[in-house]
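As stored in upload_24.cif (mmCIF, C-alpha atoms):
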```cif
data_model
loop_
_atom_site.label_atom_id
_atom_site.label_comp_id
_atom_site.auth_asym_id
_atom_site.auth_seq_id
_atom_site.Cartn_x
_atom_site.Cartn_y
_atom_site.Cartn_z
CA MET A 1 -28.08 8.62 54.28
CA ASP A 2 -30.15 8.88 51.12
CA SER A 3 -28.42 12.11 50.17
CA ILE A 4 -25.00 10.48 50.59
CA PHE A 5 -26.07 7.53 48.46
CA GLU A 6 -27.42 9.85 45.78
CA ALA A 7 -24.22 11.90 45.83
CA VAL A 8 -22.07 8.77 45.45
CA SER A 9 -24.35 7.49 42.71
CA GLU A 10 -24.18 10.80 40.87
CA TRP A 11 -20.41 10.88 41.23
CA PHE A 12 -20.18 7.33 39.87
CA ARG A 13 -22.40 8.28 36.92
CA GLU A 14 -20.15 11.25 36.16
CA VAL A 15 -17.07 9.02 36.26
CA LEU A 16 -18.70 6.53 33.87
CA THR A 17 -19.92 9.32 31.60
CA ASP A 18 -16.48 10.90 31.42
CA GLY A 19 -14.90 7.49 30.78
CA ILE A 20 -17.34 6.65 27.99
CA THR A 21 -16.86 10.06 26.38
CA ALA A 22 -13.07 9.66 26.61
CA ASN A 23 -13.17 6.17 25.09
CA PHE A 24 -15.48 7.27 22.31
CA THR A 25 -13.40 10.37 21.56
CA ARG A 26 -10.16 8.38 21.68
CA MET A 27 -11.64 5.89 19.25
CA PHE A 28 -12.31 8.61 16.69
CA ASP A 29 -8.95 10.26 17.36
CA ASP A 30 -7.26 6.92 16.62
CA VAL A 31 -9.23 6.76 13.39
CA ASN A 32 -8.01 10.22 12.35
CA VAL A 33 -4.40 9.39 13.18
CA LYS A 34 -4.59 6.05 11.37
CA VAL A 35 -6.15 7.59 8.26
CA GLY A 36 -3.53 10.34 8.23
CA GLU A 37 -0.69 7.83 8.53
CA ILE A 38 -2.03 5.69 5.69
CA ALA A 39 -2.40 8.69 3.40
CA GLY A 40 1.12 9.84 4.26
CA GLN A 41 2.79 6.45 3.84
CA VAL A 42 1.34 5.40 0.49
CA GLY A 43 2.24 8.75 -1.07
CA GLN A 44 5.95 8.07 -0.59
CA THR A 45 8.35 6.78 -3.23
CA PRO A 46 10.81 4.04 -2.17
CA GLN A 47 13.56 6.66 -2.01
CA GLY A 48 11.46 9.08 0.04
CA TRP A 49 10.01 6.50 2.44
CA ASN A 50 13.39 5.51 3.88
CA SER A 51 16.50 6.79 2.17
CA ASN A 52 18.84 4.49 4.14
CA VAL A 53 16.96 1.33 3.14
CA PHE A 54 16.73 2.56 -0.45
CA SER A 55 20.47 3.22 -0.53
CA LEU A 56 21.16 -0.29 0.78
CA ILE A 57 18.86 -1.90 -1.79
CA ARG A 58 20.35 0.12 -4.65
CA THR A 59 23.91 -0.74 -3.60
CA LEU A 60 23.10 -4.45 -3.37
CA SER A 61 21.38 -4.35 -6.74
CA GLU A 62 24.23 -2.55 -8.49
CA THR A 63 27.06 -4.57 -6.92
CA VAL A 64 25.51 -8.04 -6.70
CA ILE A 65 22.54 -8.33 -9.08
CA ILE A 66 23.71 -6.28 -12.08
CA PRO A 67 26.76 -8.54 -12.73
CA VAL A 68 24.42 -11.53 -12.83
CA ALA A 69 22.05 -9.62 -15.10
CA GLY A 70 25.02 -8.76 -17.34
CA ILE A 71 25.81 -12.46 -17.74
CA ILE A 72 22.19 -13.20 -18.60
CA LEU A 73 22.14 -10.34 -21.09
CA THR A 74 25.33 -11.62 -22.73
CA PHE A 75 23.80 -15.06 -23.08
CA ILE A 76 20.62 -13.61 -24.59
CA LEU A 77 22.55 -11.48 -27.08
CA CYS A 78 24.62 -14.49 -28.14
CA TYR A 79 21.43 -16.51 -28.46
CA GLU A 80 19.89 -13.74 -30.58
CA LEU A 81 22.95 -13.69 -32.85
CA ILE A 82 22.91 -17.47 -33.30
CA GLN A 83 19.18 -17.41 -34.07
CA MET A 84 19.73 -14.64 -36.61
CA VAL A 85 22.41 -16.67 -38.40
CA ILE A 86 20.35 -19.86 -38.44
CA GLU A 87 17.22 -18.13 -39.71
CA ARG A 88 19.17 -16.76 -42.73
CA ASN A 89 20.35 -20.17 -43.97
CA ASN A 90 23.69 -19.99 -42.17
CA MET A 91 24.33 -16.50 -43.56
CA ALA A 92 23.80 -17.63 -47.15
CA ASP A 93 20.88 -15.22 -47.48
CA PHE A 94 22.21 -12.79 -44.94
CA ASP A 95 21.07 -9.17 -44.91
CA THR A 96 23.49 -6.55 -43.58
CA PHE A 97 20.57 -4.74 -41.96
CA GLN A 98 20.26 -7.63 -39.49
CA ILE A 99 23.66 -6.76 -38.04
CA TYR A 100 22.58 -3.16 -37.47
CA LYS A 101 19.35 -4.44 -35.96
CA TRP A 102 21.28 -6.69 -33.56
CA VAL A 103 23.65 -3.88 -32.60
CA PHE A 104 20.71 -1.57 -31.95
CA LYS A 105 19.03 -4.19 -29.74
CA ALA A 106 22.29 -4.70 -27.85
CA PHE A 107 22.58 -0.94 -27.29
CA CYS A 108 18.98 -0.68 -26.06
CA ALA A 109 19.40 -3.68 -23.76
CA THR A 110 22.62 -2.27 -22.27
CA TYR A 111 21.03 1.15 -21.81
CA ILE A 112 17.99 -0.33 -20.08
CA LEU A 113 20.18 -2.44 -17.79
CA THR A 114 22.44 0.47 -16.79
CA HIS A 115 19.42 2.72 -16.12
CA THR A 116 17.30 0.12 -14.33
CA PHE A 117 16.76 2.12 -11.16
CA ASP A 118 15.92 5.26 -13.11
CA ILE A 119 13.15 3.36 -14.89
CA VAL A 120 11.90 1.80 -11.66
CA MET A 121 11.85 5.16 -9.89
CA GLY A 122 10.05 6.65 -12.88
CA VAL A 123 7.23 4.13 -12.41
CA PHE A 124 6.91 4.98 -8.71
CA SER A 125 7.13 8.71 -9.38
CA LEU A 126 4.22 8.37 -11.80
CA ALA A 127 2.22 6.42 -9.22
CA GLN A 128 3.12 8.95 -6.51
CA SER A 129 1.74 11.80 -8.61
CA VAL A 130 -1.52 9.87 -8.97
CA VAL A 131 -1.69 9.13 -5.23
CA ASN A 132 -0.90 12.72 -4.28
CA GLY A 133 -3.54 13.94 -6.73
CA SER A 134 -6.12 11.65 -5.15
CA ALA A 135 -5.06 12.82 -1.67
CA GLY A 136 -5.84 16.38 -2.72
CA VAL A 137 -9.34 15.32 -3.77
CA ILE A 138 -10.23 13.25 -0.71
CA GLY A 139 -8.22 15.22 1.87
CA GLY A 140 -11.25 17.14 3.11
CA ASN A 141 -13.23 13.96 3.79
CA VAL A 142 -10.88 12.06 6.09
CA ASN A 143 -11.29 14.12 9.27
CA ILE A 144 -13.81 12.30 11.48
CA THR A 145 -15.52 14.33 14.22
CA LEU A 146 -17.67 13.33 17.15
CA ALA A 147 -20.91 15.03 18.17
CA LEU A 148 -20.16 15.32 21.90
CA THR A 149 -23.36 17.24 22.61
CA GLU A 150 -25.56 14.45 21.25
CA LEU A 151 -23.45 11.87 23.10
CA ALA A 152 -23.83 13.70 26.43
CA GLU A 153 -27.60 13.95 25.96
CA GLN A 154 -27.90 10.20 25.37
CA LEU A 155 -25.70 9.38 28.37
CA GLU A 156 -27.84 11.55 30.64
CA ASP A 157 -30.89 9.38 29.89
CA MET A 158 -29.12 6.10 30.74
CA GLY A 159 -29.19 4.30 34.06
CA THR A 160 -26.11 3.35 36.05
CA GLY A 161 -26.21 -0.29 34.93
CA GLU A 162 -26.43 0.66 31.30
CA LEU A 163 -23.58 3.14 31.71
CA ILE A 164 -21.38 0.42 33.24
CA GLY A 165 -22.12 -1.89 30.31
CA LEU A 166 -21.49 0.86 27.78
CA TYR A 167 -18.21 1.81 29.47
CA LEU A 168 -16.94 -1.79 29.32
CA GLU A 169 -18.13 -2.07 25.74
CA SER A 170 -16.40 1.13 24.64
CA ALA A 171 -13.19 0.19 26.49
CA VAL A 172 -12.99 -3.23 24.82
CA LEU A 173 -13.68 -1.78 21.37
CA SER A 174 -11.12 0.95 21.95
CA LEU A 175 -8.49 -1.75 22.58
CA ALA A 176 -9.72 -3.64 19.51
CA MET A 177 -9.25 -0.51 17.42
CA LYS A 178 -5.64 -0.31 18.57
CA ALA A 179 -5.12 -3.95 17.60
CA ILE A 180 -6.59 -3.22 14.19
CA SER A 181 -4.21 -0.28 13.91
CA VAL A 182 -1.35 -2.78 14.23
CA CYS A 183 -2.82 -4.76 11.33
CA VAL A 184 -3.00 -1.60 9.21
CA PHE A 185 0.62 -0.87 10.13
CA ILE A 186 1.65 -4.36 8.97
CA ILE A 187 -0.18 -3.93 5.65
CA ILE A 188 1.31 -0.52 4.84
CA TYR A 189 4.86 -1.32 5.93
CA GLY A 190 4.67 -4.81 4.42
CA ARG A 191 3.86 -3.24 1.05
CA MET A 192 6.91 -0.98 1.26
CA ILE A 193 9.19 -3.91 2.12
CA GLU A 194 7.73 -5.83 -0.83
CA ILE A 195 8.52 -2.83 -3.05
CA TYR A 196 12.15 -2.81 -1.85
CA LEU A 197 12.51 -6.55 -2.43
CA THR A 198 11.05 -6.20 -5.92
CA CYS A 199 13.35 -3.28 -6.76
CA SER A 200 16.42 -5.17 -5.55
CA MET A 201 15.97 -7.81 -8.30
CA ALA A 202 15.07 -5.36 -11.06
CA PRO A 203 18.22 -5.76 -13.24
CA ILE A 204 17.62 -9.48 -13.89
CA PRO A 205 14.12 -9.21 -15.45
CA PHE A 206 15.16 -6.01 -17.24
CA SER A 207 18.05 -7.87 -18.90
CA THR A 208 15.61 -10.25 -20.62
CA MET A 209 13.32 -7.69 -22.24
CA ILE A 210 14.92 -7.61 -25.72
CA ASN A 211 14.25 -11.28 -26.42
CA ARG A 212 10.86 -12.50 -27.60
CA GLU A 213 10.93 -15.69 -25.53
CA TRP A 214 12.76 -14.52 -22.42
CA GLY A 215 11.08 -11.13 -22.56
CA GLN A 216 8.02 -12.54 -20.80
CA ILE A 217 10.06 -12.38 -17.58
CA GLY A 218 10.65 -8.67 -18.02
CA ASN A 219 7.02 -8.02 -19.05
CA SER A 220 5.72 -9.86 -15.98
CA TYR A 221 8.11 -7.90 -13.78
CA LEU A 222 6.93 -4.57 -15.20
CA LYS A 223 3.32 -5.59 -14.56
CA SER A 224 4.21 -6.45 -10.95
CA LEU A 225 6.01 -3.13 -10.60
CA PHE A 226 2.99 -1.14 -11.82
CA ALA A 227 0.69 -3.23 -9.62
CA LEU A 228 2.76 -2.42 -6.52
CA ALA A 229 3.03 1.24 -7.44
CA PHE A 230 -0.67 1.79 -8.13
CA GLN A 231 -1.74 -0.27 -5.12
CA GLY A 232 -1.21 2.98 -3.22
CA PHE A 233 -4.01 4.60 -5.22
CA LEU A 234 -6.39 1.75 -4.32
CA ILE A 235 -5.41 2.16 -0.67
CA MET A 236 -6.26 5.87 -0.85
CA VAL A 237 -9.68 5.01 -2.34
CA CYS A 238 -10.28 2.57 0.54
CA VAL A 239 -9.37 5.28 3.06
CA ALA A 240 -11.72 7.76 1.40
CA ILE A 241 -14.64 5.31 1.43
CA TYR A 242 -13.89 4.40 5.04
CA ALA A 243 -13.87 8.05 6.13
CA ILE A 244 -17.16 8.78 4.39
CA LEU A 245 -18.80 5.73 6.00
CA LEU A 246 -17.62 6.82 9.44
CA GLN A 247 -18.92 10.33 8.97
CA GLY A 248 -22.37 8.86 8.51
CA ILE A 249 -22.44 7.29 11.99
CA THR A 250 -21.31 10.27 14.10
CA ALA A 251 -24.87 11.53 14.49
CA SER A 252 -26.40 8.11 15.11
CA ASP A 253 -29.40 7.83 17.44
CA SER A 254 -27.84 4.89 19.27
CA ILE A 255 -24.43 4.99 20.93
CA HIS A 256 -24.18 1.19 20.72
CA THR A 257 -24.84 1.34 16.99
CA ALA A 258 -22.25 4.09 16.53
CA ILE A 259 -19.55 2.22 18.42
CA TRP A 260 -20.12 -1.13 16.71
CA SER A 261 -20.46 0.55 13.31
CA CYS A 262 -17.12 2.27 13.84
CA ALA A 263 -15.48 -1.04 14.78
CA SER A 264 -17.13 -2.86 11.87
CA TYR A 265 -16.01 -0.28 9.33
CA THR A 266 -12.46 -0.45 10.69
CA VAL A 267 -12.42 -4.24 10.30
CA LEU A 268 -13.77 -3.72 6.79
CA LEU A 269 -10.93 -1.28 6.11
CA CYS A 270 -8.36 -3.89 7.13
CA PHE A 271 -10.00 -6.49 4.89
CA THR A 272 -10.09 -4.18 1.88
CA LEU A 273 -6.48 -3.10 2.46
CA PHE A 274 -5.46 -6.75 2.33
CA LYS A 275 -7.42 -7.14 -0.91
CA THR A 276 -5.80 -4.15 -2.64
CA SER A 277 -2.69 -6.21 -3.44
CA SER A 278 -4.54 -8.99 -5.27
CA LEU A 279 -6.91 -6.50 -6.92
CA SER A 280 -4.04 -4.39 -8.25
CA LYS A 281 -2.28 -7.48 -9.58
CA ALA A 282 -5.50 -8.63 -11.25
CA ILE A 283 -5.93 -5.24 -12.94
CA PHE A 284 -2.38 -5.30 -14.35
CA LEU A 285 -2.52 -9.06 -15.08
CA SER A 286 0.43 -9.64 -12.80
CA HIS A 287 1.06 -13.12 -11.44
#
```

Now, as a test, write the supplied structure out as structure tokens.
Amino acid sequence: MDSIFEAVSEWFREVLTDGITANFTRMFDDVNVKVGEIAGQVGQTPQGWNSNVFSLIRTLSETVIIPVAGIILTFILCYELIQMVIERNNMADFDTFQIYKWVFKAFCATYILTHTFDIVMGVFSLAQSVVNGSAGVIGGNVNITLALTELAEQLEDMGTGELIGLYLESAVLSLAMKAISVCVFIIIYGRMIEIYLTCSMAPIPFSTMINREWGQIGNSYLKSLFALAFQGFLIMVCVAIYAILLQGITASDSIHTAIWSCASYTVLLCFTLFKTSSLSKAIFLSH
């Protein structure tokens, strides 16, 4: 009878050990997949991320927004001309050079408006080169591994009760990691949707850039554009720091400490990813 009980107990311990090892390994595998997805997503330009969505946004911008921007630009040019006449004593002290200056400004404004998407894509191409460059530097640090030998040794020294508790603990945290993965998905995809929405309205702020007073709209828009573009670089830095922190807990003396540290760092990653938007806007003085 004792031998049967010992056999059942040993079998139960093996089941718990295998389950804990699987949960712990799955947790780190999820980390690797999540880190890889983040690095891949933020390195995409709006055109490369989803060409169909980009085509839709560009079509809407060119067919719906550009006509409105053209009206605004016409108003601003007329306002500039009126201001130029008034400033020169109703043309009594008029300088012919002012006409050439106005024509040049009109040409520049029209050129900027008709090449709005080229300028916008240029900003994101610049940011993409920075993000891809950073990915090349940190790429070797984002692969998290698990010391299975050390884990097996620690599990061998545990009693059945402790193994049951550890199994439940690792299972709950594994589910929590998947929930956190959803939050990371929302942050990354939410940023891309925000980029598309910002690009769709680009012609309107670009049409105001030649005027000293109205130009603040265009300047603020450019700051927002650079903030969105270079937010990807801040995200890559967060991923690199996260990966390095996780590598430091793989050889921990305590399994409980390793599991909770992994979960804590993942929560910290989500928090810092949320903060990258406000931090990037603060750096570029974007409102």

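When you apply the PyMOL selection byres ((chain A and resi 197) around 12) to this structure, what comes back is Pro46, Val53, Phe54, Leu56, Ile57, Arg58, Leu60, Ser61, Gly190, Arg191, Met192, Ile193, Glu194, Ile195, Tyr196, Thr198, Cys199, Ser200, Met201, Ala202, Ser224, Leu225 and Leu228 of chain A.
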
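Coordinates place CA of Thr208 in chain A at a distance of 26.6 Å from CA of Leu279 in chain A.
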
| query | Contacts of Gln216 in chain A at 12 Å or less, counting all atoms listed in the file, minus same-chain residues fewer than 4 places along, as a ChimeraX atom specification? | reply | /A:205-212,220-223,286-287

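CA of Leu126 in chain A is found 26.4 Å from CA of Val33 in chain A.
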
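With only C-alpha atoms as the atoms that count, the residue of A:Ala106, A:Ile86, A:Leu113, A:Ala229 with the shortest distance to Phe284 in chain A is A:Ala229.
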
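The spacing separating CA of Met177 in chain A from CA of Glu14 in chain A amounts to 24.7 Å.
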
| field | Neighbour list for range 161-172 of chain A as a ChimeraX atom specification, cut-off 7 Å, all atoms listed in the file, skip fewer than 4 positions in-chain | value | /A:16,19-20,23-24,176

| Test item: the PyMOL selection byres ((chain A and resi 80) around 12) resolved as an MDAnalysis selection string | chainID A and resid 73:79 81:87 98:99 101:103 105:106 208 210:214

Evaluating the PyMOL selection byres ((chain A and resi 44) around 10) on the displayed file yields which residues, as a short mmCIF file (atom, residue, chain, number, x, y, z; two decimals) with C-alpha atoms, in the frame of the given file?
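Output file expr-v4.cif is given in full below:
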```cif
data_model
loop_
_atom_site.label_atom_id
_atom_site.label_comp_id
_atom_site.auth_asym_id
_atom_site.auth_seq_id
_atom_site.Cartn_x
_atom_site.Cartn_y
_atom_site.Cartn_z
CA ALA A 39 -2.40 8.69 3.40
CA GLY A 40 1.12 9.84 4.26
CA GLN A 41 2.79 6.45 3.84
CA VAL A 42 1.34 5.40 0.49
CA GLY A 43 2.24 8.75 -1.07
CA THR A 45 8.35 6.78 -3.23
CA PRO A 46 10.81 4.04 -2.17
CA GLN A 47 13.56 6.66 -2.01
CA GLY A 48 11.46 9.08 0.04
CA TRP A 49 10.01 6.50 2.44
CA ASN A 50 13.39 5.51 3.88
CA PHE A 124 6.91 4.98 -8.71
CA SER A 125 7.13 8.71 -9.38
CA ALA A 127 2.22 6.42 -9.22
CA GLN A 128 3.12 8.95 -6.51
CA SER A 129 1.74 11.80 -8.61
CA VAL A 131 -1.69 9.13 -5.23
CA ASN A 132 -0.90 12.72 -4.28
CA MET A 192 6.91 -0.98 1.26
CA GLY A 232 -1.21 2.98 -3.22
#
```
